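Chemist: Input file: work39.txt. Contents: compact mmCIF, C-alpha atoms.
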# COMPACT_ATOMS: atom_id res chain seq x y z
CA LEU A 63 33.19 -43.71 -58.42
CA GLU A 64 33.69 -45.75 -61.61
CA ILE A 65 35.08 -49.27 -61.42
CA LYS A 66 36.21 -51.54 -64.22
CA ALA A 67 35.12 -55.02 -63.21
CA PRO A 68 34.73 -57.53 -66.05
CA ARG A 69 34.68 -60.59 -63.74
CA VAL A 70 31.92 -59.46 -61.38
CA PHE A 71 30.05 -57.46 -63.98
CA SER A 72 28.10 -60.37 -65.46
CA GLY A 73 24.42 -59.93 -64.64
CA LEU A 74 24.90 -56.67 -62.74
CA GLU A 75 21.89 -54.40 -63.13
CA MET A 76 21.16 -50.79 -62.29
CA GLY A 77 20.25 -50.52 -58.61
CA ASP A 78 22.08 -53.69 -57.57
CA SER A 79 24.15 -53.58 -54.40
CA ILE A 80 27.85 -54.27 -54.70
CA ALA A 81 30.43 -53.98 -51.93
CA VAL A 82 33.57 -52.01 -52.79
CA ASN A 83 36.31 -52.57 -50.19
CA GLY A 84 33.53 -53.70 -47.89
CA VAL A 85 31.36 -50.61 -48.46
CA CYS A 86 27.87 -51.35 -49.73
CA LEU A 87 27.22 -49.19 -52.80
CA THR A 88 24.50 -49.10 -55.45
CA ALA A 89 25.25 -49.52 -59.16
CA SER A 90 23.97 -46.22 -60.58
CA GLY A 91 25.47 -46.50 -64.05
CA LEU A 92 26.58 -49.35 -66.29
CA ALA A 93 29.03 -49.45 -69.19
CA LYS A 94 30.51 -52.35 -71.18
CA ASP A 95 32.72 -53.76 -68.40
CA SER A 96 32.42 -51.15 -65.64
CA PHE A 97 29.89 -49.68 -63.29
CA ARG A 98 29.44 -46.37 -61.51
CA ALA A 99 28.30 -45.78 -57.95
CA ASP A 100 27.35 -42.52 -56.28
CA VAL A 101 29.19 -42.11 -52.98
CA MET A 102 27.65 -39.71 -50.47
CA PRO A 103 29.76 -37.45 -48.22
CA GLU A 104 28.96 -39.50 -45.08
CA THR A 105 30.36 -42.62 -46.75
CA MET A 106 33.51 -40.73 -47.73
CA ARG A 107 33.96 -39.51 -44.13
CA GLN A 108 33.46 -42.94 -42.53
CA THR A 109 35.45 -45.16 -44.93
CA ASN A 110 38.72 -45.28 -46.83
CA LEU A 111 37.05 -44.70 -50.23
CA HIS A 112 38.23 -41.07 -50.27
CA MET A 113 41.81 -42.38 -50.36
CA LEU A 114 41.38 -44.37 -53.60
CA THR A 115 43.39 -43.30 -56.63
CA PRO A 116 42.66 -44.07 -60.31
CA GLY A 117 43.81 -47.58 -61.24
CA GLU A 118 44.00 -48.79 -57.63
CA ARG A 119 42.77 -52.32 -56.89
CA VAL A 120 39.58 -52.76 -54.87
CA ASN A 121 37.76 -55.75 -53.41
CA LEU A 122 34.36 -56.35 -54.97
CA GLU A 123 31.58 -58.61 -53.76
CA ARG A 124 28.09 -59.01 -55.12
CA ALA A 125 25.12 -59.24 -52.80
CA LEU A 126 24.35 -62.60 -51.23
CA THR A 127 21.38 -64.47 -52.66
CA PRO A 128 19.26 -66.83 -50.53
CA SER A 129 20.46 -69.81 -52.58
CA SER A 130 24.17 -69.07 -52.05
CA ARG A 131 26.48 -70.84 -49.65
CA ILE A 132 27.82 -68.65 -46.89
CA GLY A 133 31.61 -68.92 -47.00
CA GLY A 134 32.26 -66.53 -44.13
CA HIS A 135 30.22 -64.49 -41.70
CA PHE A 136 27.39 -62.12 -42.53
CA VAL A 137 28.88 -58.93 -43.97
CA SER A 138 26.45 -56.10 -44.66
CA GLY A 139 28.79 -53.52 -46.16
CA HIS A 140 27.95 -51.08 -43.37
CA VAL A 141 31.43 -50.04 -42.24
CA ASP A 142 31.81 -49.48 -38.48
CA GLY A 143 35.13 -47.66 -38.69
CA VAL A 144 38.55 -47.60 -40.25
CA GLY A 145 41.75 -49.14 -38.96
CA LYS A 146 45.44 -48.83 -39.70
CA ILE A 147 47.73 -51.76 -40.48
CA THR A 148 50.51 -51.61 -37.88
CA ARG A 149 52.33 -54.88 -38.62
CA LYS A 150 52.56 -57.37 -41.47
CA LYS A 151 54.64 -60.53 -41.12
CA LEU A 152 55.05 -63.87 -42.83
CA GLU A 153 54.29 -66.94 -40.73
CA GLY A 154 54.77 -70.17 -42.66
CA ASN A 155 52.50 -69.96 -45.69
CA ALA A 156 50.37 -67.19 -44.14
CA ILE A 157 50.54 -63.42 -43.79
CA VAL A 158 49.57 -62.06 -40.38
CA PHE A 159 48.23 -58.50 -40.25
CA THR A 160 47.89 -56.48 -37.07
CA VAL A 161 45.38 -53.64 -37.28
CA LYS A 162 44.86 -50.74 -34.88
CA ALA A 163 41.11 -50.28 -34.56
CA PRO A 164 38.74 -47.87 -32.83
CA GLN A 165 37.06 -49.01 -29.62
CA SER A 166 33.71 -48.92 -31.45
CA VAL A 167 34.93 -51.89 -33.52
CA LEU A 168 36.97 -53.68 -30.85
CA ARG A 169 34.03 -53.89 -28.45
CA TYR A 170 32.41 -56.44 -30.79
CA THR A 171 35.63 -58.28 -31.59
CA VAL A 172 36.57 -61.61 -30.00
CA GLU A 173 39.39 -64.05 -30.64
CA ARG A 174 38.29 -66.74 -33.10
CA GLY A 175 35.39 -64.47 -33.99
CA SER A 176 34.72 -62.73 -37.29
CA ILE A 177 35.62 -59.32 -38.65
CA ALA A 178 35.53 -57.87 -42.16
CA VAL A 179 38.65 -56.02 -43.33
CA ASP A 180 37.99 -54.11 -46.57
CA GLY A 181 35.01 -56.45 -47.00
CA ILE A 182 37.03 -59.66 -46.56
CA SER A 183 35.50 -62.00 -43.98
CA LEU A 184 38.34 -63.05 -41.65
CA THR A 185 38.89 -64.80 -38.35
CA VAL A 186 40.44 -62.80 -35.51
CA ILE A 187 43.49 -64.65 -34.17
CA GLU A 188 44.52 -62.28 -31.39
CA ILE A 189 43.37 -59.10 -29.66
CA GLU A 190 45.66 -56.69 -27.81
CA LYS A 191 43.16 -54.51 -25.94
CA VAL A 192 45.80 -52.21 -24.40
CA LYS A 193 47.22 -51.37 -27.85
CA GLN A 194 43.70 -51.37 -29.39
CA GLU A 195 44.82 -53.88 -32.01
CA PHE A 196 43.69 -57.19 -33.42
CA SER A 197 45.42 -59.66 -35.73
CA VAL A 198 44.14 -61.71 -38.65
CA SER A 199 45.91 -64.17 -40.91
CA ILE A 200 45.41 -64.83 -44.61
CA ILE A 201 46.45 -67.71 -46.84
CA PRO A 202 48.19 -67.24 -50.23
CA HIS A 203 44.88 -67.70 -52.12
CA THR A 204 43.29 -64.79 -50.22
CA ALA A 205 46.43 -62.69 -50.65
CA SER A 206 46.37 -63.17 -54.42
CA LEU A 207 42.65 -62.54 -54.96
CA THR A 208 42.05 -59.59 -52.61
CA THR A 209 43.65 -56.24 -51.98
CA LEU A 210 44.87 -57.36 -48.56
CA GLY A 211 47.82 -59.17 -50.14
CA PHE A 212 49.00 -55.83 -51.53
CA LYS A 213 48.49 -53.76 -48.38
CA ARG A 214 51.44 -52.35 -46.44
CA VAL A 215 52.06 -51.15 -42.90
CA GLY A 216 50.39 -47.76 -42.55
CA ASP A 217 47.56 -48.48 -44.99
CA ILE A 218 44.02 -47.64 -43.89
CA VAL A 219 41.35 -50.36 -44.11
CA ASN A 220 37.58 -50.43 -43.67
CA LEU A 221 36.35 -52.49 -40.71
CA GLU A 222 32.98 -54.09 -40.14
CA SER A 223 32.29 -55.75 -36.80
CA ASP A 224 30.44 -59.02 -36.53
CA MET A 225 26.77 -58.23 -37.19
CA LEU A 226 25.46 -60.81 -34.73
CA ALA A 227 27.68 -59.45 -31.93
CA LYS A 228 26.25 -55.96 -32.49
CA TYR A 229 22.66 -57.21 -32.30
CA VAL A 230 23.30 -59.30 -29.18
CA ALA A 231 25.05 -56.37 -27.45
CA ASN A 232 22.18 -54.04 -28.33
CA PHE A 233 19.60 -56.55 -27.11
CA LEU A 234 21.40 -57.02 -23.79
CA ALA A 235 21.85 -53.27 -23.28
CA GLU A 236 18.15 -52.65 -23.87
CA ARG A 237 17.17 -55.57 -21.63
CA ASP A 238 19.36 -54.26 -18.82
CA LYS A 239 17.59 -50.88 -18.93
CA GLY A 240 14.68 -52.64 -17.29
CA PRO A 241 10.95 -51.91 -17.58
CA GLY A 242 10.00 -49.50 -20.29
CA SER A 243 12.88 -50.41 -22.57
CA ASN A 244 12.31 -51.51 -26.15
CA ILE A 245 12.96 -55.17 -25.26
CA THR A 246 10.34 -57.17 -23.40
What does this structure look like when you write it as structure tokens?
Modeler:
Amino acid sequence: LEIKAPRVFSGLEMGDSIAVNGVCLTASGLAKDSFRADVMPETMRQTNLHMLTPGERVNLERALTPSSRIGGHFVSGHVDGVGKITRKKLEGNAIVFTVKAPQSVLRYTVERGSIAVDGISLTVIEIEKVKQEFSVSIIPHTASLTTLGFKRVGDIVNLESDMLAKYVANFLAERDKGPGSNIT
């Protein structure tokens, strides 16, 4: 995968992590204002990267440094599944997206909690468990600076559940197994 990225390219070095549509990749080649990343078959199977076409916009985010402010939730770039946009509607100055998601993502999703959609840290505004959908809302600034503002009903997006929710759920599951589990 080769991506032209003059704005995020400054200081990028070989081996650096960079999220592409929320998928953590490694810069494996550098040119004047672009970088290359090798994408393994498992990543192609589990994400929407295989659907990209030349010239298509992508969301890019450099790795967090310990001195950075955290403007959203922790996003690792380890995609938990893909979802499909089922509705998109204007509400005042915002755009509300409804996304059909797999149960493996929804189980860690709570209203007013966090979810990453194509790597964009967002707040869940509603969950419809029967329909296996959740809704998020974006402001005009987010719509103009990310790919989400250009997405349409039917588009496939990468989803990453809240990292802390996954760890807590795993801890509780291990604890409930009782003696001999990995948690003491």
Chemist: As an exercise, work out the distance from atom CA of Ser176 of chain A to atom CA of Ala235 of chain A in Å and give it to one decimal place.
Modeler: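 We find that atom CA of Ser176 of chain A and atom CA of Ala235 of chain A lie 21.2 Å from each other.
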Chemist: Taking only C-alpha atoms into account, which of A:Ala81, A:Leu184, A:Ile177, A:Leu92 comes nearest Lys228 of chain A?
Modeler: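 Closest candidate: A:Ile177.
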Chemist: Using all atoms listed in the file, which residue out of A:Val82, A:Val192, A:Val215, A:Val230 lies closest to Arg149 of chain A?
Modeler: A:Val215
Chemist: For Ile65 of chain A, which of A:Ala231, A:Leu114, A:Val179, A:Met106 is the closest residue, counting all atoms listed in the file?
Modeler: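 Distance minimum relative to Ile65 of chain A lands on A:Leu114.
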Chemist: Calculated over only C-alpha atoms, which of the candidates A:Gly181, A:Pro241, A:Gly175, A:Pro202 has the smallest distance to Glu153 of chain A?
Modeler: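 Ranked by minimum distance to Glu153 of chain A, first place goes to A:Pro202.
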Chemist: Contacts of Lys191 of chain A at 12 Å or less, counting only C-alpha atoms, minus same-chain residues fewer than 5 places along, as JSON, numbers by chain?
Modeler: {"A": [161, 162, 163, 164, 165, 167, 168, 169, 170, 171, 172, 173, 196, 197]}
Chemist: Go ahead and compute the interatomic distance for atom CA of Ser90 of chain A and atom CA of Val137 of chain A, in Å to one decimal.
Modeler: 21.5 Å
Chemist: Could you add whatever atoms are missing so that segment 201-226 of chain A carries N, CA, C and O atoms, then write the result as an mmCIF file, in the frame of the given file?
Modeler:
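Okay, this is what ended up in result.cif:
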data_model
loop_
_atom_site.group_PDB
_atom_site.id
_atom_site.type_symbol
_atom_site.label_atom_id
_atom_site.label_comp_id
_atom_site.auth_asym_id
_atom_site.auth_seq_id
_atom_site.Cartn_x
_atom_site.Cartn_y
_atom_site.Cartn_z
ATOM 1 N N ILE A 201 45.721 -66.698 -46.076
ATOM 2 C CA ILE A 201 46.450 -67.710 -46.840
ATOM 3 C C ILE A 201 46.850 -67.118 -48.199
ATOM 4 O O ILE A 201 46.318 -66.079 -48.608
ATOM 5 N N PRO A 202 47.759 -67.768 -48.925
ATOM 6 C CA PRO A 202 48.190 -67.240 -50.230
ATOM 7 C C PRO A 202 47.032 -67.005 -51.211
ATOM 8 O O PRO A 202 47.050 -66.018 -51.959
ATOM 9 N N HIS A 203 46.030 -67.870 -51.219
ATOM 10 C CA HIS A 203 44.880 -67.700 -52.120
ATOM 11 C C HIS A 203 44.191 -66.367 -51.842
ATOM 12 O O HIS A 203 43.895 -65.604 -52.780
ATOM 13 N N THR A 204 43.936 -66.064 -50.585
ATOM 14 C CA THR A 204 43.290 -64.790 -50.220
ATOM 15 C C THR A 204 44.189 -63.620 -50.570
ATOM 16 O O THR A 204 43.718 -62.597 -51.072
ATOM 17 N N ALA A 205 45.482 -63.768 -50.335
ATOM 18 C CA ALA A 205 46.430 -62.690 -50.650
ATOM 19 C C ALA A 205 46.438 -62.374 -52.141
ATOM 20 O O ALA A 205 46.547 -61.212 -52.531
ATOM 21 N N SER A 206 46.290 -63.396 -52.977
ATOM 22 C CA SER A 206 46.370 -63.170 -54.420
ATOM 23 C C SER A 206 45.068 -62.658 -55.027
ATOM 24 O O SER A 206 45.090 -62.025 -56.073
ATOM 25 N N LEU A 207 43.934 -62.921 -54.378
ATOM 26 C CA LEU A 207 42.650 -62.540 -54.960
ATOM 27 C C LEU A 207 42.002 -61.312 -54.315
ATOM 28 O O LEU A 207 40.942 -60.879 -54.763
ATOM 29 N N THR A 208 42.608 -60.773 -53.270
ATOM 30 C CA THR A 208 42.050 -59.590 -52.610
ATOM 31 C C THR A 208 43.118 -58.516 -52.502
ATOM 32 O O THR A 208 44.305 -58.773 -52.709
ATOM 33 N N THR A 209 42.704 -57.341 -52.129
ATOM 34 C CA THR A 209 43.650 -56.240 -51.980
ATOM 35 C C THR A 209 44.522 -56.406 -50.741
ATOM 36 O O THR A 209 45.587 -55.794 -50.659
ATOM 37 N N LEU A 210 44.111 -57.220 -49.796
ATOM 38 C CA LEU A 210 44.870 -57.360 -48.560
ATOM 39 C C LEU A 210 46.296 -57.849 -48.818
ATOM 40 O O LEU A 210 47.240 -57.429 -48.138
ATOM 41 N N GLY A 211 46.478 -58.695 -49.810
ATOM 42 C CA GLY A 211 47.820 -59.170 -50.140
ATOM 43 C C GLY A 211 48.756 -58.069 -50.611
ATOM 44 O O GLY A 211 49.975 -58.228 -50.580
ATOM 45 N N PHE A 212 48.204 -56.942 -51.030
ATOM 46 C CA PHE A 212 49.000 -55.830 -51.530
ATOM 47 C C PHE A 212 49.137 -54.698 -50.515
ATOM 48 O O PHE A 212 49.840 -53.731 -50.770
ATOM 49 N N LYS A 213 48.461 -54.825 -49.392
ATOM 50 C CA LYS A 213 48.490 -53.760 -48.380
ATOM 51 C C LYS A 213 49.828 -53.743 -47.651
ATOM 52 O O LYS A 213 50.500 -54.757 -47.521
ATOM 53 N N ARG A 214 50.183 -52.545 -47.160
ATOM 54 C CA ARG A 214 51.440 -52.350 -46.440
ATOM 55 C C ARG A 214 51.152 -51.745 -45.067
ATOM 56 O O ARG A 214 50.059 -51.210 -44.822
ATOM 57 N N VAL A 215 52.157 -51.804 -44.206
ATOM 58 C CA VAL A 215 52.060 -51.150 -42.900
ATOM 59 C C VAL A 215 51.771 -49.668 -43.138
ATOM 60 O O VAL A 215 52.390 -49.035 -43.994
ATOM 61 N N GLY A 216 50.801 -49.151 -42.403
ATOM 62 C CA GLY A 216 50.390 -47.760 -42.550
ATOM 63 C C GLY A 216 49.146 -47.577 -43.377
ATOM 64 O O GLY A 216 48.511 -46.515 -43.322
ATOM 65 N N ASP A 217 48.768 -48.585 -44.167
ATOM 66 C CA ASP A 217 47.560 -48.480 -44.990
ATOM 67 C C ASP A 217 46.307 -48.477 -44.118
ATOM 68 O O ASP A 217 46.251 -49.132 -43.070
ATOM 69 N N ILE A 218 45.305 -47.754 -44.582
ATOM 70 C CA ILE A 218 44.020 -47.640 -43.890
ATOM 71 C C ILE A 218 43.044 -48.628 -44.506
ATOM 72 O O ILE A 218 42.947 -48.723 -45.728
ATOM 73 N N VAL A 219 42.316 -49.361 -43.651
ATOM 74 C CA VAL A 219 41.350 -50.360 -44.110
ATOM 75 C C VAL A 219 39.990 -50.116 -43.474
ATOM 76 O O VAL A 219 39.894 -49.586 -42.366
ATOM 77 N N ASN A 220 38.934 -50.491 -44.196
ATOM 78 C CA ASN A 220 37.580 -50.430 -43.670
ATOM 79 C C ASN A 220 37.335 -51.637 -42.777
ATOM 80 O O ASN A 220 37.739 -52.746 -43.105
ATOM 81 N N LEU A 221 36.633 -51.421 -41.661
ATOM 82 C CA LEU A 221 36.350 -52.490 -40.710
ATOM 83 C C LEU A 221 34.857 -52.595 -40.462
ATOM 84 O O LEU A 221 34.180 -51.585 -40.276
ATOM 85 N N GLU A 222 34.377 -53.822 -40.489
ATOM 86 C CA GLU A 222 32.980 -54.090 -40.140
ATOM 87 C C GLU A 222 32.959 -55.170 -39.062
ATOM 88 O O GLU A 222 33.453 -56.269 -39.265
ATOM 89 N N SER A 223 32.405 -54.812 -37.915
ATOM 90 C CA SER A 223 32.290 -55.750 -36.800
ATOM 91 C C SER A 223 31.313 -56.859 -37.145
ATOM 92 O O SER A 223 30.513 -56.741 -38.074
ATOM 93 N N ASP A 224 31.368 -57.909 -36.357
ATOM 94 C CA ASP A 224 30.440 -59.020 -36.530
ATOM 95 C C ASP A 224 29.012 -58.531 -36.275
ATOM 96 O O ASP A 224 28.707 -57.985 -35.212
ATOM 97 N N MET A 225 28.144 -58.711 -37.257
ATOM 98 C CA MET A 225 26.770 -58.230 -37.190
ATOM 99 C C MET A 225 26.007 -58.848 -36.013
ATOM 100 O O MET A 225 25.278 -58.156 -35.292
ATOM 101 N N LEU A 226 26.179 -60.140 -35.816
ATOM 102 C CA LEU A 226 25.460 -60.810 -34.730
ATOM 103 C C LEU A 226 25.890 -60.284 -33.374
ATOM 104 O O LEU A 226 25.067 -60.116 -32.477
#
